[in-house]
$ cat structure_0.pdb   # PDB, C-alpha atoms
MODEL        1
ATOM      1  CA  MET R 100     -21.492 -55.146  29.923
ATOM      2  CA  LYS R 101     -20.753 -51.952  31.806
ATOM      3  CA  THR R 102     -22.854 -50.907  34.783
ATOM      4  CA  LYS R 103     -24.892 -47.908  33.637
ATOM      5  CA  ILE R 104     -25.171 -45.174  36.277
ATOM      6  CA  LEU R 105     -27.516 -42.252  36.777
ATOM      7  CA  TRP R 106     -25.603 -39.826  39.018
ATOM      8  CA  SER R 107     -27.564 -37.432  41.232
ATOM      9  CA  GLY R 108     -25.411 -34.496  42.300
ATOM     10  CA  ILE R 109     -23.251 -34.749  39.191
ATOM     11  CA  THR R 110     -21.733 -31.264  39.599
ATOM     12  CA  GLY R 111     -20.524 -31.912  43.152
ATOM     13  CA  ARG R 112     -16.902 -32.705  44.002
ATOM     14  CA  THR R 113     -17.429 -36.460  43.933
ATOM     15  CA  GLY R 114     -19.663 -36.415  40.878
ATOM     16  CA  VAL R 115     -17.162 -34.412  38.833
ATOM     17  CA  GLN R 116     -14.347 -36.857  39.625
ATOM     18  CA  ALA R 117     -16.552 -39.892  38.999
ATOM     19  CA  GLU R 118     -17.619 -38.535  35.600
ATOM     20  CA  ILE R 119     -13.976 -38.044  34.624
ATOM     21  CA  ALA R 120     -13.085 -41.557  35.822
ATOM     22  CA  SER R 121     -16.034 -43.129  34.003
ATOM     23  CA  LYS R 122     -14.680 -42.010  30.621
ATOM     24  CA  THR R 123     -11.837 -44.545  30.892
ATOM     25  CA  CYS R 124     -13.521 -47.127  33.147
ATOM     26  CA  ASP R 125     -14.023 -50.574  31.636
ATOM     27  CA  PHE R 126     -16.770 -51.760  34.017
ATOM     28  CA  ALA R 127     -19.012 -48.734  34.684
ATOM     29  CA  GLU R 128     -20.195 -45.582  32.923
ATOM     30  CA  ILE R 129     -22.257 -42.546  33.898
ATOM     31  CA  VAL R 130     -24.996 -42.310  31.275
ATOM     32  CA  ALA R 131     -26.878 -39.307  32.728
ATOM     33  CA  GLY R 132     -26.592 -36.768  35.517
ATOM     34  CA  VAL R 133     -28.982 -34.820  37.709
ATOM     35  CA  CYS R 134     -28.271 -31.544  39.492
ATOM     36  CA  ARG R 135     -30.095 -28.451  40.667
ATOM     37  CA  SER R 136     -28.719 -25.708  38.428
ATOM     38  CA  ASP R 137     -26.630 -26.835  35.435
ATOM     39  CA  ALA R 138     -28.584 -26.895  32.153
ATOM     40  CA  LYS R 139     -26.253 -29.586  30.735
ATOM     41  CA  TYR R 140     -27.943 -32.107  33.011
ATOM     42  CA  TYR R 141     -31.448 -33.048  34.150
ATOM     43  CA  ASN R 142     -32.867 -31.217  37.155
ATOM     44  CA  TYR R 143     -34.932 -32.736  39.958
ATOM     45  CA  ASP R 144     -38.231 -31.802  38.308
ATOM     46  CA  GLN R 145     -37.228 -33.705  35.168
ATOM     47  CA  LEU R 146     -36.660 -37.187  36.583
ATOM     48  CA  GLU R 147     -39.553 -38.627  34.585
ATOM     49  CA  LYS R 148     -38.014 -37.208  31.394
ATOM     50  CA  ILE R 149     -34.800 -39.212  31.703
ATOM     51  CA  ASN R 150     -34.507 -41.302  28.539
ATOM     52  CA  GLU R 151     -31.208 -43.052  29.167
ATOM     53  CA  GLU R 152     -31.250 -46.658  30.358
ATOM     54  CA  PHE R 153     -29.500 -47.142  33.694
ATOM     55  CA  ASP R 154     -28.884 -49.905  36.246
ATOM     56  CA  VAL R 155     -27.844 -47.973  39.361
ATOM     57  CA  ILE R 156     -28.634 -44.564  40.841
ATOM     58  CA  VAL R 157     -25.821 -42.863  42.755
ATOM     59  CA  ASP R 158     -27.006 -39.994  44.952
ATOM     60  CA  PHE R 159     -24.417 -37.539  46.256
ATOM     61  CA  SER R 160     -26.649 -34.490  46.243
ATOM     62  CA  HIS R 161     -28.479 -32.442  48.884
ATOM     63  CA  LYS R 162     -30.843 -33.559  51.632
ATOM     64  CA  ASP R 163     -33.613 -31.481  50.016
ATOM     65  CA  CYS R 164     -33.388 -33.701  46.918
ATOM     66  CA  PHE R 165     -33.141 -36.960  48.859
ATOM     67  CA  ASP R 166     -36.869 -37.793  48.960
ATOM     68  CA  LYS R 167     -37.338 -37.316  45.216
ATOM     69  CA  ILE R 168     -34.410 -39.596  44.407
ATOM     70  CA  LEU R 169     -35.540 -42.280  46.847
ATOM     71  CA  ASP R 170     -39.089 -42.253  45.429
ATOM     72  CA  PHE R 171     -37.663 -42.365  41.897
ATOM     73  CA  ALA R 172     -35.445 -45.359  42.732
ATOM     74  CA  ILE R 173     -38.450 -47.225  44.129
ATOM     75  CA  LYS R 174     -40.578 -46.409  41.089
ATOM     76  CA  LYS R 175     -37.858 -47.541  38.676
ATOM     77  CA  ASN R 176     -36.897 -50.532  40.887
ATOM     78  CA  LYS R 177     -33.204 -49.657  40.675
ATOM     79  CA  VAL R 178     -30.203 -50.094  42.958
ATOM     80  CA  LEU R 179     -29.473 -46.955  44.986
ATOM     81  CA  ILE R 180     -26.059 -45.853  46.253
ATOM     82  CA  SER R 181     -26.873 -43.218  48.879
ATOM     83  CA  GLY R 182     -24.098 -40.831  49.872
ATOM     84  CA  THR R 183     -26.028 -37.650  50.604
ATOM     85  CA  SER R 184     -25.083 -36.221  53.995
ATOM     86  CA  GLY R 185     -27.220 -34.378  56.526
ATOM     87  CA  ILE R 186     -30.408 -36.357  55.999
ATOM     88  CA  SER R 187     -32.929 -36.374  58.843
ATOM     89  CA  GLU R 188     -33.720 -39.310  61.103
ATOM     90  CA  GLU R 189     -37.045 -39.702  59.305
ATOM     91  CA  GLN R 190     -35.313 -39.787  55.929
ATOM     92  CA  PHE R 191     -32.817 -42.369  57.171
ATOM     93  CA  ASN R 192     -35.648 -44.527  58.548
ATOM     94  CA  ASN R 193     -37.388 -44.363  55.163
ATOM     95  CA  LEU R 194     -34.135 -45.376  53.493
ATOM     96  CA  GLU R 195     -33.763 -48.321  55.850
ATOM     97  CA  LYS R 196     -37.335 -49.498  55.189
ATOM     98  CA  THR R 197     -36.818 -49.150  51.459
ATOM     99  CA  SER R 198     -33.658 -51.287  51.615
ATOM    100  CA  HIS R 199     -35.948 -54.318  51.922
ATOM    101  CA  ILE R 200     -37.674 -53.345  48.656
ATOM    102  CA  ILE R 201     -34.694 -52.342  46.483
ATOM    103  CA  PRO R 202     -30.940 -52.906  47.017
ATOM    104  CA  ILE R 203     -29.434 -49.880  48.800
ATOM    105  CA  PHE R 204     -25.840 -49.082  49.729
ATOM    106  CA  ARG R 205     -25.503 -46.521  52.526
ATOM    107  CA  GLY R 206     -22.032 -46.465  53.994
ATOM    108  CA  GLY R 207     -20.313 -43.943  56.184
ATOM    109  CA  ASN R 208     -17.252 -44.936  54.161
ATOM    110  CA  PHE R 209     -17.000 -45.375  50.382
ATOM    111  CA  ARG R 210     -13.223 -45.803  50.108
ATOM    112  CA  PHE R 211     -11.607 -49.246  49.871
ATOM    113  CA  GLU R 212      -8.344 -47.942  51.344
ATOM    114  CA  VAL R 213     -10.184 -46.624  54.399
ATOM    115  CA  GLU R 214     -12.046 -49.923  54.766
ATOM    116  CA  ASN R 215      -8.689 -51.662  55.166
ATOM    117  CA  PHE R 216      -7.781 -49.153  57.891
ATOM    118  CA  ILE R 217     -11.074 -49.807  59.711
ATOM    119  CA  ASN R 218     -10.420 -53.554  59.633
ATOM    120  CA  ASP R 219      -6.927 -52.987  61.057
ATOM    121  CA  VAL R 220      -8.342 -50.838  63.877
ATOM    122  CA  VAL R 221     -10.906 -53.496  64.757
ATOM    123  CA  GLU R 222      -8.224 -56.187  64.934
ATOM    124  CA  TYR R 223      -5.956 -53.927  66.985
ATOM    125  CA  SER R 224      -8.730 -53.106  69.441
ATOM    126  CA  LYS R 225      -9.330 -56.787  70.188
ATOM    127  CA  THR R 226      -6.035 -57.092  72.042
ATOM    128  CA  TYR R 227      -5.438 -53.499  73.176
ATOM    129  CA  ASN R 228      -6.205 -52.902  76.850
ATOM    130  CA  GLY R 229      -5.811 -49.123  77.099
ATOM    131  CA  LYS R 230      -8.129 -46.260  76.200
ATOM    132  CA  LEU R 231      -8.896 -46.253  72.489
ATOM    133  CA  LYS R 232      -8.871 -42.893  70.726
ATOM    134  CA  LEU R 233      -9.289 -42.021  67.060
ATOM    135  CA  ILE R 234      -7.825 -38.669  66.039
ATOM    136  CA  GLU R 235      -9.207 -37.398  62.751
ATOM    137  CA  THR R 236      -7.854 -34.317  60.966
ATOM    138  CA  HIS R 237      -9.659 -32.853  57.964
ATOM    139  CA  TYR R 238      -9.980 -29.891  55.622
ATOM    140  CA  LYS R 239     -11.519 -26.874  57.316
ATOM    141  CA  THR R 240     -15.055 -27.151  55.898
ATOM    142  CA  LYS R 241     -15.520 -30.837  56.751
ATOM    143  CA  LYS R 242     -18.458 -31.777  58.984
ATOM    144  CA  VAL R 243     -17.215 -33.598  62.071
ATOM    145  CA  PRO R 244     -17.232 -36.101  63.534
ATOM    146  CA  SER R 245     -16.939 -37.640  60.094
ATOM    147  CA  GLU R 246     -19.184 -40.498  59.013
ATOM    148  CA  THR R 247     -16.042 -42.606  58.695
ATOM    149  CA  ALA R 248     -15.092 -41.975  62.324
ATOM    150  CA  LYS R 249     -18.582 -43.031  63.381
ATOM    151  CA  VAL R 250     -18.219 -46.227  61.362
ATOM    152  CA  VAL R 251     -14.887 -47.021  63.028
ATOM    153  CA  ALA R 252     -16.393 -46.528  66.502
ATOM    154  CA  LYS R 253     -19.450 -48.605  65.611
ATOM    155  CA  ARG R 254     -17.413 -51.479  64.208
ATOM    156  CA  VAL R 255     -15.040 -51.503  67.188
ATOM    157  CA  PHE R 256     -17.972 -51.615  69.605
ATOM    158  CA  GLU R 257     -19.780 -54.340  67.644
ATOM    159  CA  ASN R 258     -16.669 -56.538  67.587
ATOM    160  CA  THR R 259     -15.197 -55.871  71.034
ATOM    161  CA  GLY R 260     -17.749 -54.019  73.154
ATOM    162  CA  LYS R 261     -15.122 -51.288  73.646
ATOM    163  CA  GLU R 262     -15.780 -47.560  73.343
ATOM    164  CA  LEU R 263     -13.660 -45.573  70.904
ATOM    165  CA  GLU R 264     -13.202 -41.881  71.668
ATOM    166  CA  ILE R 265     -13.228 -39.572  68.638
ATOM    167  CA  GLU R 266     -11.183 -36.371  68.577
ATOM    168  CA  SER R 267     -11.850 -34.219  65.489
ATOM    169  CA  ARG R 268      -9.610 -31.465  64.147
ATOM    170  CA  LEU R 269     -10.124 -29.120  61.194
ATOM    171  CA  GLU R 270      -6.691 -27.952  60.060
ATOM    172  CA  TYR R 271      -6.034 -28.509  56.348
ATOM    173  CA  ALA R 272      -6.557 -25.921  53.632
ATOM    174  CA  ASP R 273      -6.424 -28.679  50.990
ATOM    175  CA  LEU R 274      -8.931 -31.542  50.626
ATOM    176  CA  ILE R 275      -7.211 -33.940  53.009
ATOM    177  CA  ASN R 276      -8.798 -36.493  55.351
ATOM    178  CA  ASP R 277      -6.649 -38.175  57.960
ATOM    179  CA  TRP R 278      -7.417 -40.786  60.637
ATOM    180  CA  ARG R 279      -5.076 -42.211  63.281
ATOM    181  CA  VAL R 280      -5.423 -44.758  66.084
ATOM    182  CA  ASP R 281      -2.066 -45.078  67.854
ATOM    183  CA  ASN R 282       0.341 -46.252  65.128
ATOM    184  CA  LEU R 283      -2.409 -47.120  62.647
ATOM    185  CA  HIS R 284      -2.800 -44.329  60.117
ATOM    186  CA  CYS R 285      -4.834 -43.588  56.985
ATOM    187  CA  ARG R 286      -4.657 -40.418  54.879
ATOM    188  CA  VAL R 287      -6.561 -39.668  51.678
ATOM    189  CA  GLU R 288      -6.380 -36.574  49.513
ATOM    190  CA  GLY R 289      -8.898 -35.115  47.076
ATOM    191  CA  PHE R 290     -11.896 -36.847  45.533
ATOM    192  CA  GLU R 291     -10.377 -38.550  42.487
ATOM    193  CA  GLN R 292      -9.993 -41.976  44.096
ATOM    194  CA  LEU R 293     -13.354 -41.630  45.844
ATOM    195  CA  GLY R 294     -15.052 -41.195  42.467
ATOM    196  CA  LYS R 295     -13.330 -44.340  41.173
ATOM    197  CA  ASP R 296     -14.241 -46.331  44.286
ATOM    198  CA  ILE R 297     -17.922 -45.440  43.970
ATOM    199  CA  LEU R 298     -17.953 -46.612  40.356
ATOM    200  CA  LYS R 299     -16.614 -49.931  41.642
ATOM    201  CA  ILE R 300     -19.261 -50.088  44.394
ATOM    202  CA  ALA R 301     -21.985 -49.438  41.816
ATOM    203  CA  ASN R 302     -20.659 -52.312  39.711
ATOM    204  CA  MET R 303     -20.560 -54.630  42.739
ATOM    205  CA  MET R 304     -24.093 -53.656  43.787
ATOM    206  CA  GLN R 305     -25.700 -54.031  40.362
ATOM    207  CA  ASN R 306     -26.985 -57.573  40.806
ATOM    208  CA  LYS R 307     -27.515 -57.563  44.571
ATOM    209  CA  MET R 308     -30.890 -58.406  46.092
ATOM    210  CA  PRO R 309     -32.687 -56.249  48.704
ATOM    211  CA  ASN R 310     -31.262 -57.266  52.086
ATOM    212  CA  GLY R 311     -31.220 -54.261  54.376
ATOM    213  CA  LEU R 312     -28.635 -51.521  54.061
ATOM    214  CA  TYR R 313     -25.363 -52.600  52.486
ATOM    215  CA  ASP R 314     -22.082 -50.973  53.469
ATOM    216  CA  LEU R 315     -18.566 -51.599  52.215
ATOM    217  CA  HIS R 316     -17.791 -54.131  54.949
ATOM    218  CA  LEU R 317     -20.912 -56.169  54.154
ATOM    219  CA  LEU R 318     -20.439 -55.842  50.407
ATOM    220  CA  LEU R 319     -16.858 -57.111  50.500
ATOM    221  CA  ASN R 320     -17.748 -59.979  52.835
ATOM    222  CA  LYS R 321     -20.619 -61.082  50.596
ATOM    223  CA  ASN R 322     -18.342 -61.005  47.567
TER     224      ASN R 322
ENDMDL
END

$ encode --input "structure_0.pdb" --output "structure tokens"
Amino acid sequence: MKTKILWSGITGRTGVQAEIASKTCDFAEIVAGVCRSDAKYYNYDQLEKINEEFDVIVDFSHKDCFDKILDFAIKKNKVLISGTSGISEEQFNNLEKTSHIIPIFRGGNFRFEVENFINDVVEYSKTYNGKLKLIETHYKTKKVPSETAKVVAKRVFENTGKELEIESRLEYADLINDWRVDNLHCRVEGFEQLGKDILKIANMMQNKMPNGLYDLHLLLNKN
């Protein structure tokens, strides 16, 4: 049985790529979408009118829609994959509290390739004695420091007690994200693979129990 997904923010960059990927995916499908302005999909005042059956809600929308989606996930008792950026501290605290009621994935990183890079950086930092610096270079409209960079710094500190300096650069005209720590390097382009990775995360989260906020590191370790 495929994991059935309700995607909030379906017309965004990630949602568009995920919808394309879902058409040929053998383990997950997007059965309905929600957005603010496209009549082909539900809007945020129509959540109670959604007729399709779904297992997981993926939210890559806007912080102004965050509260409605979180309340809806609680009411429907569904898994929530939360990728909306810019939420307030109060909204994040509500998300964290709710993660003990319904299963919630909230990761600064949603890419399996980048997770491998983070693991490599953590291992490298255990034996490196110099000053650790992560240099990230992104497309010009990216918000920095990126959530991924914050995750790298957090994981390094949790595992080694060492501080990781983050240097952010906005240089690319194309949708490119690039991270480097000394000779360790990770570069991803576009949103096609990100859409596919989130479908996989939704499938992995489908039968999880509420246990605080899941991220990709925790999800892979538990599997």

$ resolve_selection --input "structure_0.pdb" --expression "the PyMOL selection byres ((chain R and resi 187-204) around 10)" --output "PyMOL selection string"
chain R and resi 155-157+162+165-166+169-170+172-182+184-186+205-207+209+300-301+304-315+317-318

$ closest_residue --input "structure_0.pdb" --among "R:Met100, R:Leu263, R:Leu293, R:Leu319" --to "Ile119 of chain R" --atoms "only C-alpha atoms"
R:Leu293

$ closest_residue --input "structure_0.pdb" --among "R:Ala248, R:Leu298, R:Ala138, R:Ile265" --to "Asp125 of chain R" --atoms "only C-alpha atoms"
R:Leu298

$ atom_distance --input "structure_0.pdb" --atom1 "atom CA of His284 of chain R" --atom2 "atom CA of Thr236 of chain R"
11.2 Å

$ resolve_selection --input "structure_0.pdb" --expression "the PyMOL selection byres ((chain R and resi 108-110) around 6)" --output "compact mmCIF listing (two decimals) with C-alpha atoms, in the frame of the given file"
# COMPACT_ATOMS: atom_id res chain seq x y z
CA TRP R 106 -25.60 -39.83 39.02
CA SER R 107 -27.56 -37.43 41.23
CA GLY R 111 -20.52 -31.91 43.15
CA GLY R 114 -19.66 -36.42 40.88
CA VAL R 115 -17.16 -34.41 38.83
CA GLY R 132 -26.59 -36.77 35.52
CA VAL R 133 -28.98 -34.82 37.71
CA CYS R 134 -28.27 -31.54 39.49
CA PHE R 159 -24.42 -37.54 46.26
CA SER R 160 -26.65 -34.49 46.24

$ atom_distance --input "structure_0.pdb" --atom1 "atom CA of Thr247 of chain R" --atom2 "atom CA of Leu233 of chain R"
10.8 Å

$ atom_distance --input "structure_0.pdb" --atom1 "atom CA of Asn282 of chain R" --atom2 "atom CA of Lys242 of chain R"
24.5 Å

$ closest_residue --input "structure_0.pdb" --among "R:Asp277, R:Glu262, R:Glu128, R:Asp137" --to "Glu212 of chain R" --atoms "all atoms listed in the file"
R:Asp277

$ resolve_selection --input "structure_0.pdb" --expression "the PyMOL selection byres ((chain R and resi 268) around 7)" --output "number ranges by chain"
R: 235-237, 266-267, 269-270

$ axis_aligned_box --input "structure_0.pdb" --around "segment 216-225 of chain R" --padding-each-side "5 Å" --output "lines of an AutoDock Vina configuration file"
center_x = -8.5
center_y = -53.0
center_z = 64.0
size_x = 15.1
size_y = 17.6
size_z = 22.3

$ residues_near_point --input "structure_0.pdb" --point "(-6.8, -55.5, 63.6)" --cutoff "12 Å" --atoms "all atoms listed in the file" --output "MDAnalysis selection string"
chainID R and resid 214:227 251 254:255 258:259 280 282:283

$ closest_residue --input "structure_0.pdb" --among "R:Gln116, R:Ser121, R:Thr183, R:Ser136" --to "Asn208 of chain R" --atoms "all atoms listed in the file"
R:Thr183

$ closest_residue --input "structure_0.pdb" --among "R:Thr123, R:Pro244, R:Asn302, R:Arg210" --to "His316 of chain R" --atoms "only C-alpha atoms"
R:Arg210

$ residues_around --input "structure_0.pdb" --residues "Ile149 of chain R" --least-positions-apart "3" --cutoff "12 Å" --atoms "all atoms listed in the file" --output "number ranges by chain"
R: 105-106, 130-133, 140-146, 152-153, 171, 175

$ closest_residue --input "structure_0.pdb" --among "R:Met303, R:Gly229, R:Asp273, R:Lys241" --to "Asn320 of chain R" --atoms "only C-alpha atoms"
R:Met303
